[in-house]
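Asks: Data: final20.cif, mmCIF, C-alpha atoms.
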data_upload
#
loop_
_atom_site.label_atom_id
_atom_site.label_comp_id
_atom_site.auth_asym_id
_atom_site.auth_seq_id
_atom_site.Cartn_x
_atom_site.Cartn_y
_atom_site.Cartn_z
CA MET A 111 16.33 12.19 -24.20
CA ILE A 112 14.17 14.58 -26.22
CA ILE A 113 13.92 18.21 -25.03
CA PRO A 114 10.97 19.81 -26.90
CA GLU A 115 11.50 23.30 -25.42
CA THR A 116 14.87 23.63 -27.19
CA ASN A 117 14.40 21.16 -30.09
CA THR A 118 17.42 19.25 -28.87
CA PHE A 119 18.16 15.67 -27.93
CA TRP A 120 20.81 13.70 -26.02
CA THR A 121 21.87 10.13 -26.54
CA THR A 122 23.92 7.89 -24.32
CA THR A 123 25.12 4.32 -24.25
CA VAL A 124 24.50 2.09 -21.27
CA ASN A 125 27.82 0.55 -20.31
CA HIS A 126 26.38 -2.41 -18.42
CA PRO A 127 23.61 -4.88 -19.18
CA PRO A 128 20.33 -4.63 -17.26
CA ALA A 129 20.07 -6.63 -14.03
CA THR A 130 18.90 -10.21 -14.45
CA VAL A 131 18.01 -10.77 -10.81
CA PRO A 132 14.51 -9.66 -9.77
CA PRO A 133 14.29 -6.98 -7.09
CA ALA A 134 14.03 -8.01 -3.45
CA PHE A 135 10.55 -8.27 -2.04
CA ARG A 136 9.23 -5.35 -0.02
CA PHE A 137 10.04 -6.61 3.48
CA ALA A 138 13.42 -8.22 2.83
CA SER A 139 16.25 -7.47 5.23
CA ALA A 140 19.84 -6.54 4.32
CA ASP A 141 20.97 -10.19 4.36
CA GLY A 142 18.22 -11.18 1.91
CA GLU A 143 16.05 -12.93 4.49
CA ARG A 144 12.48 -11.82 5.00
CA ALA A 145 11.98 -9.46 7.90
CA PRO A 146 10.09 -10.99 10.82
CA GLN A 147 6.39 -10.27 11.02
CA ASN A 148 5.03 -8.31 13.94
CA GLU A 149 1.75 -8.40 15.78
CA PHE A 150 0.27 -5.69 13.54
CA THR A 151 1.35 -6.92 10.09
CA LYS A 152 0.19 -10.08 8.36
CA GLU A 153 1.47 -11.48 5.06
CA GLU A 154 -0.84 -13.60 2.93
CA ASP A 155 0.08 -15.53 -0.22
CA LEU A 156 -2.67 -14.97 -2.81
CA GLY A 157 -1.40 -17.56 -5.28
CA THR A 158 -1.18 -16.85 -8.99
CA GLN A 159 -3.50 -15.32 -11.52
CA GLU A 160 -3.26 -14.19 -15.12
CA ILE A 161 -3.27 -10.43 -15.67
CA ASP A 162 -3.57 -9.33 -19.31
CA GLY A 163 -2.20 -12.69 -20.45
CA VAL A 164 0.78 -12.74 -18.04
CA GLN A 165 1.13 -14.93 -14.92
CA ALA A 166 1.51 -12.97 -11.69
CA HIS A 167 2.01 -14.02 -8.08
CA GLY A 168 0.10 -12.09 -5.44
CA VAL A 169 0.98 -11.18 -1.87
CA ARG A 170 -1.20 -9.17 0.50
CA TYR A 171 0.27 -7.30 3.46
CA SER A 172 -2.35 -6.31 6.03
CA GLN A 173 -1.73 -3.95 8.92
CA THR A 174 -4.18 -3.78 11.79
CA ILE A 175 -4.54 -0.47 13.54
CA PRO A 176 -6.18 -1.05 16.93
CA ALA A 177 -9.30 0.98 17.67
CA GLU A 178 -8.80 3.86 20.06
CA ASN A 179 -12.01 2.94 21.84
CA PRO A 180 -12.69 -0.82 21.34
CA ALA A 181 -16.13 -0.56 22.95
CA GLU A 182 -17.36 1.83 20.24
CA GLU A 183 -15.01 1.31 17.26
CA LYS A 184 -13.61 -1.53 15.18
CA ASP A 185 -9.95 -2.07 14.39
CA VAL A 186 -8.88 -0.59 11.04
CA VAL A 187 -7.26 -3.01 8.58
CA VAL A 188 -5.14 -1.42 5.84
CA ALA A 189 -4.10 -3.81 3.06
CA ASP A 190 -1.62 -3.64 0.19
CA GLU A 191 -1.62 -6.24 -2.60
CA TYR A 192 1.30 -6.73 -4.98
CA TRP A 193 0.88 -8.89 -8.10
CA TYR A 194 4.40 -9.54 -9.38
CA SER A 195 5.33 -11.03 -12.75
CA ALA A 196 8.65 -12.88 -12.49
CA ASP A 197 8.68 -13.09 -16.28
CA LEU A 198 8.48 -9.30 -16.79
CA ARG A 199 10.13 -8.44 -13.44
CA ILE A 200 7.54 -5.83 -12.52
CA ASN A 201 4.42 -5.54 -10.40
CA LEU A 202 1.49 -5.85 -12.79
CA MET A 203 -0.98 -4.65 -10.20
CA ILE A 204 -0.78 -2.85 -6.86
CA VAL A 205 -3.89 -2.32 -4.72
CA HIS A 206 -3.98 -0.20 -1.56
CA SER A 207 -7.13 -0.47 0.58
CA ASP A 208 -7.85 1.71 3.60
CA PRO A 209 -11.44 1.78 4.89
CA ARG A 210 -10.91 5.38 6.04
CA LYS A 211 -9.85 6.61 2.58
CA GLY A 212 -11.01 3.99 0.06
CA THR A 213 -9.17 1.82 -2.45
CA VAL A 214 -6.56 2.88 -4.99
CA SER A 215 -5.10 0.56 -7.62
CA ALA A 216 -2.59 0.71 -10.45
CA THR A 217 -2.58 -1.96 -13.14
CA VAL A 218 -0.31 -2.56 -16.11
CA SER A 219 -2.51 -3.26 -19.12
CA ASN A 220 -2.36 -3.67 -22.87
CA ILE A 221 0.81 -5.77 -22.59
CA LYS A 222 2.36 -6.49 -25.98
CA ARG A 223 5.28 -8.89 -26.06
CA ALA A 224 6.70 -7.84 -29.41
CA GLU A 225 9.41 -5.48 -30.54
CA PRO A 226 8.16 -1.89 -30.34
CA ASP A 227 7.77 0.14 -33.51
CA SER A 228 11.21 1.56 -34.33
CA SER A 229 9.64 4.98 -35.00
CA PHE A 230 9.28 5.39 -31.22
CA PHE A 231 13.07 5.69 -31.06
CA GLU A 232 13.62 8.10 -33.94
CA VAL A 233 14.65 11.69 -33.26
CA PRO A 234 11.97 14.10 -34.56
CA GLU A 235 12.67 16.21 -37.64
CA GLY A 236 14.43 19.51 -36.84
CA TYR A 237 16.08 18.35 -33.60
CA SER A 238 19.83 18.52 -33.03
CA THR A 239 22.33 17.88 -30.26
CA PRO A 240 23.41 20.93 -28.25
CA ARG A 241 27.09 21.88 -28.59
CA ASN A 242 28.92 22.18 -25.29
CA GLY A 243 25.56 21.50 -23.65
CA THR A 244 24.33 25.07 -24.24
CA GLN A 245 23.67 25.70 -27.93
CA LYS A 246 20.05 25.46 -29.06
CA ALA A 247 18.97 23.97 -32.34
CA ASN A 248 18.05 26.14 -35.34
CA GLN A 249 20.43 28.99 -34.37
#
The structure given in the file should be rewritten as structure tokens.

Replies:
Amino acid sequence: MIIPETNTFWTTTVNHPPATVPPAFRFASADGERAPQNEFTKEEDLGTQEIDGVQAHGVRYSQTIPAENPAEEKDVVVADEYWYSADLRINLMIVHSDPRKGTVSATVSNIKRAEPDSSFFEVPEGYSTPRNGTQKANQ
């Protein structure tokens, strides 16, 4: 961790390997089974698509909010899409749509499947480790 305010850095070693099992899906229950759907929520499999050269599987969860006055208003349908890459173990795209507020999306882009430049992991010139967690560099 680099701390620019004090020109210091910390390093640590991870004592366990990263998890190899993908995270549970959003509506999974404690026993690993999918939670039952209710009358207001619908799950839809969107199949697969390629996002920035990576295969992703999409799922849309739609929630219907009944109109307060059905004679004058329509039901509101709020939808969330998750495009998950099993290969990278992350959601490559998340889309939230609410007709009352609009649509918001987040997409992973510019995916490069190569080793990162080692300079990204170098400690900048003039940085040091604090002694006893309190000493600042350049003192």

Asks: When you draw a straight line from CA of Gly168 in chain A to CA of Glu149 in chain A, how long is it in Å?

Replies: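 A separation of 21.6 Å between them.
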
Asks: Apply the PyMOL selection byres ((chain A and resi 191) around 6) to the file shown and report the selected residues as a list in words.

Replies: Val169, Arg170, Asp190, Tyr192, Ile204 and Val205 of chain A

Asks: Go through A:Ile200, A:Pro209, A:Thr122, A:Glu235 and flag the residue nearest Lys184 in chain A, using only C-alpha atoms for the distances.

Replies: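 For Lys184 in chain A, the nearest of the candidates is A:Pro209.
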
Asks: For Ser172 in chain A, list every protein, DNA or RNA residue within 6 Å, evaluated using all atoms listed in the file, and leave out those in the same chain fewer than 5 positions away; present the list as a list of chain:residue names.

Replies: A:Thr151, A:Lys152, A:Val188, A:Ala189

Asks: For the atom pair CA of Ile221 in chain A and CA of Leu198 in chain A, what is the interatomic distance in Å to one decimal place?

Replies: 10.2 Å

Asks: Between CA of Ala166 in chain A and CA of Tyr194 in chain A, what is the distance, to one decimal in Å?

Replies: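 One can read the CA of Ala166 in chain A to CA of Tyr194 in chain A distance as 5.0 Å.
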
Asks: If we count all atoms listed in the file, what is near Ser195 in chain A at a cut-off of 7 Å, once residues fewer than 6 positions away on the same chain are taken out, given as a list in words?

Replies: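 What passes the distance filter is Gln165, Ala166, His167, Asn201 and Leu202 of chain A.
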